[in-house]
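Structure file structure_11.cif (mmCIF, C-alpha atoms) follows.
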```
data_query
#
loop_
_atom_site.group_PDB
_atom_site.id
_atom_site.type_symbol
_atom_site.label_atom_id
_atom_site.label_comp_id
_atom_site.auth_asym_id
_atom_site.auth_seq_id
_atom_site.Cartn_x
_atom_site.Cartn_y
_atom_site.Cartn_z
ATOM 1 C CA MET A 1 0.000 0.000 0.000
ATOM 2 C CA ALA A 2 1.208 3.504 -0.832
ATOM 3 C CA THR A 3 0.014 6.783 0.711
ATOM 4 C CA GLY A 4 0.990 10.369 0.070
ATOM 5 C CA VAL A 5 0.022 13.785 1.451
ATOM 6 C CA LYS A 6 1.062 17.192 0.115
ATOM 7 C CA ILE A 7 0.906 20.124 2.565
ATOM 8 C CA ASP A 8 1.973 23.440 1.043
ATOM 9 C CA GLN A 9 5.399 22.658 -0.482
ATOM 10 C CA LEU A 10 5.987 19.559 1.657
ATOM 11 C CA PHE A 11 5.216 16.057 0.385
ATOM 12 C CA ILE A 12 4.977 13.201 2.879
ATOM 13 C CA GLY A 13 4.507 9.631 1.717
ATOM 14 C CA ASP A 14 5.177 6.020 2.593
ATOM 15 C CA ILE A 15 5.035 2.526 1.173
ATOM 16 C CA SER A 16 3.944 -0.404 3.322
ATOM 17 C CA THR A 17 3.572 -4.135 2.892
ATOM 18 C CA GLN A 18 2.182 -6.983 4.970
ATOM 19 C CA TYR A 19 3.031 -10.689 5.194
ATOM 20 C CA LYS A 20 0.876 -13.283 6.978
ATOM 21 C CA SER A 21 1.738 -16.846 7.901
ATOM 22 C CA GLY A 22 -0.502 -18.740 10.293
ATOM 23 C CA LYS A 23 -0.810 -16.716 13.501
ATOM 24 C CA THR A 24 2.078 -14.382 12.620
ATOM 25 C CA THR A 25 1.768 -11.070 10.767
ATOM 26 C CA VAL A 26 4.705 -8.885 9.684
ATOM 27 C CA ASP A 27 4.158 -5.251 8.668
ATOM 28 C CA VAL A 28 6.926 -3.129 7.115
ATOM 29 C CA LYS A 29 6.688 0.569 6.207
ATOM 30 C CA VAL A 30 9.221 2.907 4.561
ATOM 31 C CA ASP A 31 8.589 6.670 4.476
ATOM 32 C CA THR A 32 10.023 9.557 2.472
ATOM 33 C CA ASN A 33 12.615 10.247 5.204
ATOM 34 C CA SER A 34 14.095 6.739 4.745
ATOM 35 C CA ASN A 35 12.731 5.596 8.097
ATOM 36 C CA VAL A 36 11.846 1.903 8.271
ATOM 37 C CA SER A 37 9.122 0.755 10.676
ATOM 38 C CA SER A 38 8.341 -2.891 11.331
ATOM 39 C CA THR A 39 5.842 -4.730 13.516
ATOM 40 C CA VAL A 40 5.686 -8.472 14.164
ATOM 41 C CA SER A 41 2.393 -9.672 15.667
ATOM 42 C CA VAL A 42 1.451 -13.103 16.985
ATOM 43 C CA THR A 43 -2.168 -13.892 17.883
ATOM 44 C CA GLU A 44 -3.701 -16.510 20.140
ATOM 45 C CA LEU A 45 -0.527 -17.744 21.817
ATOM 46 C CA VAL A 46 -2.936 -17.920 24.738
ATOM 47 C CA ALA A 47 -6.704 -17.588 24.270
ATOM 48 C CA GLY A 48 -7.589 -13.930 23.812
ATOM 49 C CA VAL A 49 -3.969 -12.702 23.885
ATOM 50 C CA LYS A 50 -2.146 -10.880 21.075
ATOM 51 C CA THR A 51 1.565 -10.046 21.290
ATOM 52 C CA SER A 52 3.456 -7.661 19.034
ATOM 53 C CA PHE A 53 7.040 -6.426 18.753
ATOM 54 C CA SER A 54 7.785 -3.192 16.905
ATOM 55 C CA PHE A 55 10.848 -1.099 16.091
ATOM 56 C CA LYS A 56 12.009 1.739 13.848
ATOM 57 C CA ILE A 57 15.282 2.183 11.994
ATOM 58 C CA PRO A 58 17.460 4.178 12.693
ATOM 59 C CA ASP A 59 15.777 5.016 16.048
ATOM 60 C CA GLN A 60 17.420 2.567 18.472
ATOM 61 C CA LYS A 61 15.121 3.562 21.353
ATOM 62 C CA SER A 62 11.869 2.839 19.515
ATOM 63 C CA SER A 63 11.656 -0.903 20.192
ATOM 64 C CA LYS A 64 8.719 -1.935 22.343
ATOM 65 C CA LEU A 65 6.622 -4.945 23.265
ATOM 66 C CA ASP A 66 2.817 -4.815 23.346
ATOM 67 C CA VAL A 67 0.508 -7.387 24.910
ATOM 68 C CA GLN A 68 -3.258 -7.233 24.403
ATOM 69 C CA TYR A 69 -5.959 -9.268 26.095
ATOM 70 C CA LEU A 70 -9.530 -9.252 24.800
ATOM 71 C CA HIS A 71 -12.593 -10.638 26.527
ATOM 72 C CA ASP A 72 -16.315 -10.260 25.835
ATOM 73 C CA HIS A 73 -16.639 -7.597 28.538
ATOM 74 C CA ALA A 74 -13.052 -6.508 29.206
ATOM 75 C CA ALA A 75 -9.883 -5.471 27.393
ATOM 76 C CA ILE A 76 -6.326 -4.806 28.590
ATOM 77 C CA ASN A 77 -3.451 -3.362 26.587
ATOM 78 C CA SER A 78 0.063 -3.067 28.021
ATOM 79 C CA SER A 79 3.210 -1.681 26.429
ATOM 80 C CA ILE A 80 6.833 -1.595 27.571
ATOM 81 C CA GLY A 81 9.794 0.009 25.841
ATOM 82 C CA LEU A 82 12.752 -2.324 25.325
ATOM 83 C CA THR A 83 15.348 0.078 26.743
ATOM 84 C CA PRO A 84 17.321 0.229 30.039
ATOM 85 C CA THR A 85 14.828 2.846 31.317
ATOM 86 C CA PRO A 86 11.589 1.866 29.620
ATOM 87 C CA LEU A 87 8.342 3.746 29.251
ATOM 88 C CA LEU A 88 5.441 1.710 30.633
ATOM 89 C CA GLU A 89 1.845 2.129 29.514
ATOM 90 C CA LEU A 90 -1.330 0.346 30.589
ATOM 91 C CA ALA A 91 -4.910 0.750 29.368
ATOM 92 C CA ALA A 92 -7.967 -1.166 30.517
ATOM 93 C CA ALA A 93 -11.672 -1.086 29.720
ATOM 94 C CA VAL A 94 -14.742 -2.929 30.971
ATOM 95 C CA GLY A 95 -18.355 -2.795 29.909
ATOM 96 C CA SER A 96 -20.984 -3.975 27.485
ATOM 97 C CA LYS A 97 -22.322 -2.947 24.083
ATOM 98 C CA GLU A 98 -24.119 0.014 25.654
ATOM 99 C CA LEU A 99 -21.902 1.160 28.542
ATOM 100 C CA ALA A 100 -18.105 1.151 28.845
ATOM 101 C CA LEU A 101 -15.535 2.466 31.337
ATOM 102 C CA GLY A 102 -11.834 2.876 30.637
ATOM 103 C CA VAL A 103 -8.591 4.143 32.167
ATOM 104 C CA GLU A 104 -5.101 4.761 30.794
ATOM 105 C CA VAL A 105 -1.835 5.240 32.708
ATOM 106 C CA GLY A 106 1.737 5.921 31.580
ATOM 107 C CA PHE A 107 4.949 5.779 33.665
ATOM 108 C CA ASP A 108 8.468 6.859 32.695
ATOM 109 C CA SER A 109 11.018 4.838 34.643
ATOM 110 C CA ALA A 110 13.852 7.190 33.625
ATOM 111 C CA SER A 111 12.345 10.138 35.523
ATOM 112 C CA ALA A 112 10.185 8.052 37.882
ATOM 113 C CA SER A 113 7.185 10.143 36.871
ATOM 114 C CA VAL A 114 3.661 9.526 35.646
ATOM 115 C CA THR A 115 3.465 10.663 32.011
ATOM 116 C CA LYS A 116 -0.305 10.406 31.600
ATOM 117 C CA TYR A 117 -3.495 9.283 33.250
ATOM 118 C CA ASN A 118 -6.833 9.460 31.506
ATOM 119 C CA ALA A 119 -10.296 8.082 32.233
ATOM 120 C CA GLY A 120 -13.512 7.925 30.285
ATOM 121 C CA ILE A 121 -17.053 6.630 30.147
ATOM 122 C CA GLY A 122 -19.116 5.986 27.041
ATOM 123 C CA PHE A 123 -22.767 5.197 26.343
ATOM 124 C CA ASN A 124 -23.881 3.750 22.992
ATOM 125 C CA LYS A 125 -27.200 3.062 21.315
ATOM 126 C CA HIS A 126 -27.996 2.088 17.733
ATOM 127 C CA ASP A 127 -28.644 5.722 16.717
ATOM 128 C CA PHE A 128 -26.462 7.776 19.073
ATOM 129 C CA SER A 129 -23.435 7.669 21.335
ATOM 130 C CA ALA A 130 -22.132 9.925 24.095
ATOM 131 C CA ALA A 131 -18.818 10.055 25.936
ATOM 132 C CA LEU A 132 -17.179 11.913 28.806
ATOM 133 C CA ILE A 133 -13.357 11.878 29.010
ATOM 134 C CA LEU A 134 -10.949 13.276 31.604
ATOM 135 C CA ALA A 135 -7.595 13.709 29.864
ATOM 136 C CA ASP A 136 -4.193 15.434 30.091
ATOM 137 C CA LYS A 137 -3.614 14.339 33.695
ATOM 138 C CA GLY A 138 -6.981 15.699 34.769
ATOM 139 C CA GLU A 139 -6.481 19.116 33.135
ATOM 140 C CA THR A 140 -8.940 18.623 30.253
ATOM 141 C CA LEU A 141 -12.561 17.505 30.270
ATOM 142 C CA LYS A 142 -14.180 16.448 26.979
ATOM 143 C CA ALA A 143 -17.852 15.722 26.349
ATOM 144 C CA SER A 144 -19.035 14.492 22.965
ATOM 145 C CA TYR A 145 -22.269 13.389 21.319
ATOM 146 C CA VAL A 146 -22.863 11.697 17.944
ATOM 147 C CA HIS A 147 -26.309 11.188 16.445
ATOM 148 C CA VAL A 148 -27.070 9.088 13.360
ATOM 149 C CA VAL A 149 -29.634 11.008 11.300
ATOM 150 C CA ASN A 150 -30.047 8.482 8.491
ATOM 151 C CA PRO A 151 -28.554 4.989 8.858
ATOM 152 C CA ILE A 152 -29.120 4.244 5.161
ATOM 153 C CA THR A 153 -27.062 7.169 3.827
ATOM 154 C CA GLY A 154 -24.708 7.234 6.815
ATOM 155 C CA ALA A 155 -25.663 10.821 7.639
ATOM 156 C CA ALA A 156 -24.620 11.809 11.159
ATOM 157 C CA VAL A 157 -24.020 14.950 13.211
ATOM 158 C CA ALA A 158 -21.685 15.389 16.159
ATOM 159 C CA ALA A 159 -20.806 17.936 18.817
ATOM 160 C CA GLU A 160 -17.918 18.194 21.267
ATOM 161 C CA ILE A 161 -17.140 20.610 24.057
ATOM 162 C CA VAL A 162 -13.681 20.774 25.633
ATOM 163 C CA HIS A 163 -12.912 22.557 28.916
ATOM 164 C CA ARG A 164 -9.322 23.161 30.056
ATOM 165 C CA PHE A 165 -9.144 23.657 33.813
ATOM 166 C CA ASN A 166 -5.707 25.341 33.824
ATOM 167 C CA THR A 167 -6.701 28.121 31.384
ATOM 168 C CA TYR A 168 -10.499 28.086 31.867
ATOM 169 C CA GLU A 169 -10.764 27.854 28.091
ATOM 170 C CA ASN A 170 -13.789 26.295 26.378
ATOM 171 C CA THR A 171 -13.830 24.986 22.808
ATOM 172 C CA PHE A 172 -17.010 23.936 21.040
ATOM 173 C CA THR A 173 -16.915 21.911 17.807
ATOM 174 C CA ILE A 174 -19.690 20.644 15.555
ATOM 175 C CA GLY A 175 -19.310 18.208 12.688
ATOM 176 C CA SER A 176 -21.199 16.146 10.159
ATOM 177 C CA CYS A 177 -20.756 13.069 8.001
ATOM 178 C CA HIS A 178 -22.710 12.155 4.881
ATOM 179 C CA SER A 179 -22.370 9.524 2.172
ATOM 180 C CA LEU A 180 -22.736 11.173 -1.240
ATOM 181 C CA ASP A 181 -22.909 7.690 -2.766
ATOM 182 C CA PRO A 182 -21.921 4.171 -1.602
ATOM 183 C CA LEU A 183 -18.252 4.919 -2.384
ATOM 184 C CA THR A 184 -17.928 8.611 -1.418
ATOM 185 C CA THR A 185 -18.060 10.154 2.059
ATOM 186 C CA LEU A 186 -18.053 13.852 2.954
ATOM 187 C CA LYS A 187 -17.105 15.079 6.443
ATOM 188 C CA THR A 188 -17.175 18.651 7.802
ATOM 189 C CA ARG A 189 -15.996 20.278 11.052
ATOM 190 C CA PHE A 190 -16.337 23.795 12.498
ATOM 191 C CA ASN A 191 -15.469 25.228 15.916
ATOM 192 C CA ASN A 192 -16.166 28.438 17.833
ATOM 193 C CA SER A 193 -12.778 29.974 16.973
ATOM 194 C CA GLY A 194 -13.645 29.982 13.268
ATOM 195 C CA LYS A 195 -11.560 26.955 12.299
ATOM 196 C CA ALA A 196 -13.268 24.939 9.552
ATOM 197 C CA ALA A 197 -12.338 21.735 7.755
ATOM 198 C CA VAL A 198 -13.804 19.471 5.092
ATOM 199 C CA VAL A 199 -12.727 15.971 3.987
ATOM 200 C CA CYS A 200 -13.972 14.080 0.952
ATOM 201 C CA GLN A 201 -12.983 10.417 0.596
ATOM 202 C CA HIS A 202 -13.697 8.214 -2.402
ATOM 203 C CA GLU A 203 -13.075 4.469 -2.744
ATOM 204 C CA TRP A 204 -12.213 4.313 -6.437
ATOM 205 C CA ARG A 205 -11.407 0.613 -6.261
ATOM 206 C CA PRO A 206 -11.779 -2.012 -3.485
ATOM 207 C CA LYS A 207 -9.681 -0.984 -0.441
ATOM 208 C CA SER A 208 -8.036 1.871 -2.417
ATOM 209 C CA LEU A 209 -8.926 5.388 -1.295
ATOM 210 C CA ILE A 210 -8.335 8.905 -2.538
ATOM 211 C CA THR A 211 -8.880 11.661 0.031
ATOM 212 C CA LEU A 212 -9.091 15.409 -0.528
ATOM 213 C CA SER A 213 -8.996 17.669 2.530
ATOM 214 C CA ALA A 214 -9.111 21.413 3.140
ATOM 215 C CA GLU A 215 -8.746 23.433 6.337
ATOM 216 C CA TYR A 216 -9.046 27.103 7.215
ATOM 217 C CA ASP A 217 -7.744 28.535 10.490
ATOM 218 C CA PRO A 218 -8.101 32.325 10.905
ATOM 219 C CA LYS A 219 -5.602 32.293 13.796
ATOM 220 C CA ALA A 220 -2.804 30.762 11.662
ATOM 221 C CA ILE A 221 -1.078 33.887 10.344
ATOM 222 C CA SER A 222 1.542 32.228 8.129
ATOM 223 C CA ALA A 223 -0.738 29.707 6.403
ATOM 224 C CA PRO A 224 -4.416 30.081 7.315
ATOM 225 C CA SER A 225 -5.521 27.746 4.516
ATOM 226 C CA ARG A 226 -4.348 24.207 3.863
ATOM 227 C CA VAL A 227 -5.216 21.707 1.169
ATOM 228 C CA GLY A 228 -4.182 18.043 1.240
ATOM 229 C CA LEU A 229 -4.401 15.066 -1.076
ATOM 230 C CA ALA A 230 -3.877 11.482 0.109
ATOM 231 C CA LEU A 231 -3.825 8.306 -1.939
ATOM 232 C CA ALA A 232 -3.979 4.847 -0.382
ATOM 233 C CA LEU A 233 -3.477 1.874 -2.693
ATOM 234 C CA LYS A 234 -4.013 -1.789 -1.902
ATOM 235 C CA PRO A 235 -3.569 -4.595 -4.431
#
```
As structure tokens - that is how I would like this structure written.
Amino acid sequence: MATGVKIDQLFIGDISTQYKSGKTTVDVKVDTNSNVSSTVSVTELVAGVKTSFSFKIPDQKSSKLDVQYLHDHAAINSSIGLTPTPLLELAAAVGSKELALGVEVGFDSASASVTKYNAGIGFNKHDFSAALILADKGETLKASYVHVVNPITGAAVAAEIVHRFNTYENTFTIGSCHSLDPLTTLKTRFNNSGKAAVVCQHEWRPKSLITLSAEYDPKAISAPSRVGLALALKP
């Protein structure tokens, strides 16, 4: 698969490939900066457990080991960096199809400090979903709501309000999603600071997507407008 995005005069792209054999999957990606990323995943070594090892070249400190456990009503994901002073991360969630609770914690053994702790609760129905998230070490509170207007066309509207306790700043964002046809999706977003964005994605062949995006930010003095084009190809 190949993807590419052009932002102003900068072009960012990558080429990735995947190999599967039994319970083992190997993913390799090379980007325009000659960085090589690889992930080796093994599923069902134990029932419900998935293990993966990932690394980047030439970043020698990027190697890490992830272990995931999935159950009908619970999920646990743990990650540890394979360095002398690793970064440890743990996320866990419990719930059902309608109600879910989750927490996330990060610890840096080099500085003996907590790097993150987040918590959230979500409620889902067939035509709407709502969530409340405490993030950024308790400094940010996010509340969001998504309502499906037309399940046939995929039309939906969403709203999110973000409150930052340290600056007493509030941000309100509204968005929409609509299927122009079975292969084309249009998404829009607008917030109270005047920032607007639109994304149009078209599946021109099975699993191959072309995406056109545009964004306007009145507070960005150097480049208030941005236009992007992304192409994802799968054989």
Output as CSV one row per residue of segment 50-90 of chain A within 8 Å of segment 103-112 of chain A: the closest atom pair and its distance in Å to one decimal place, counting all atoms listed in the file, sorted by chain and residue number ascending.
```
residue,atom,partner,partner_atom,distance
A:Thr85,CA,A:Ala110,CA,5.0
A:Pro86,CA,A:Ser109,CA,5.9
A:Leu87,CA,A:Asp108,CA,4.6
A:Leu88,CA,A:Phe107,CA,5.1
A:Glu89,CA,A:Gly106,CA,4.3
A:Leu90,CA,A:Val105,CA,5.4
```
* Asked: Smallest atom-to-atom distance to Glu44 of chain A: which of A:Gly194, A:Gly22, A:Lys56, A:Asp136, using only C-alpha atoms?
  ->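 Using only C-alpha atoms, the shortest distance to Glu44 of chain A belongs to A:Gly22.
With distances taken over all atoms listed in the file, A:Glu139 is the one residue among A:Asp14, A:Asp181, A:Asp31, A:Glu139 lying closest to Arg164 of chain A.
If you measure from each of A:Val148, A:Leu183, A:Ala130, A:Ala135 to Phe165 of chain A using all atoms listed in the file, the closest one turns out to be A:Ala135.
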* Asked: Quick one: which residues end up in the PyMOL selection byres ((chain A and resi 72) around 12) for this structure, as a list in words?
  ->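 In the shown coordinates, the PyMOL selection byres ((chain A and resi 72) around 12) covers Gly48, Tyr69, Leu70, His71, His73, Ala74, Ala75, Ile76, Ala93, Val94, Gly95, Ser96, Lys97 and Ala100 of chain A.
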* To do: Run the PyMOL selection byres ((chain A and resi 216) around 8) against the file shown and list the residues it catches, as JSON, numbers by chain.
  => {"A": [195, 196, 197, 214, 215, 217, 218, 224, 225, 226]}
Go ahead and save the picked residues with C-alpha atoms, as a short mmCIF file (atom, residue, chain, number, x, y, z; two decimals), keeping the file's coordinate frame.
```cif
data_model
loop_
_atom_site.label_atom_id
_atom_site.label_comp_id
_atom_site.auth_asym_id
_atom_site.auth_seq_id
_atom_site.Cartn_x
_atom_site.Cartn_y
_atom_site.Cartn_z
CA LYS A 195 -11.56 26.96 12.30
CA ALA A 196 -13.27 24.94 9.55
CA ALA A 197 -12.34 21.74 7.76
CA ALA A 214 -9.11 21.41 3.14
CA GLU A 215 -8.75 23.43 6.34
CA ASP A 217 -7.74 28.54 10.49
CA PRO A 218 -8.10 32.33 10.90
CA PRO A 224 -4.42 30.08 7.32
CA SER A 225 -5.52 27.75 4.52
CA ARG A 226 -4.35 24.21 3.86
#
```
* A:Asn170, A:Lys20, A:Leu186, A:Phe123 ranked by distance to Gly154 of chain A, top pick (using all atoms listed in the file) -> A:Leu186
Selection under test: the PyMOL selection byres ((chain A and resi 199) around 6); residues as a PDB file with C-alpha atoms, in the frame of the given file:
```
ATOM      1  CA  LEU A 186     -18.053  13.852   2.954  1.00  0.00           C
ATOM      2  CA  LYS A 187     -17.105  15.079   6.443  1.00  0.00           C
ATOM      3  CA  VAL A 198     -13.804  19.471   5.092  1.00  0.00           C
ATOM      4  CA  CYS A 200     -13.972  14.080   0.952  1.00  0.00           C
ATOM      5  CA  LEU A 212      -9.091  15.409  -0.528  1.00  0.00           C
ATOM      6  CA  SER A 213      -8.996  17.669   2.530  1.00  0.00           C
TER       7      SER A 213
END
```
* Would you be able to write out as a list in words which residues have an atom within 6 Å of (-20.5, 22.1, 13.6) in the file's coordinates, counting all atoms listed in the file? =>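 Residues found, by chain and rising number: Thr173, Ile174, Gly175, Arg189 and Phe190 of chain A.
Take atom CA of Glu160 of chain A and atom CA of Asn124 of chain A: the distance between them is 15.7 Å.
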* Asked: How many Å lie between atom CA of Tyr168 of chain A and atom CA of Leu132 of chain A, rounded to one decimal?
  -> 17.8 Å
* Pick from A:Val157, A:Leu180, A:Val26, A:Ala131, whichever lies nearest to Thr39 of chain A using only C-alpha atoms ->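 Among the listed residues, A:Val26 lies closest to Thr39 of chain A.
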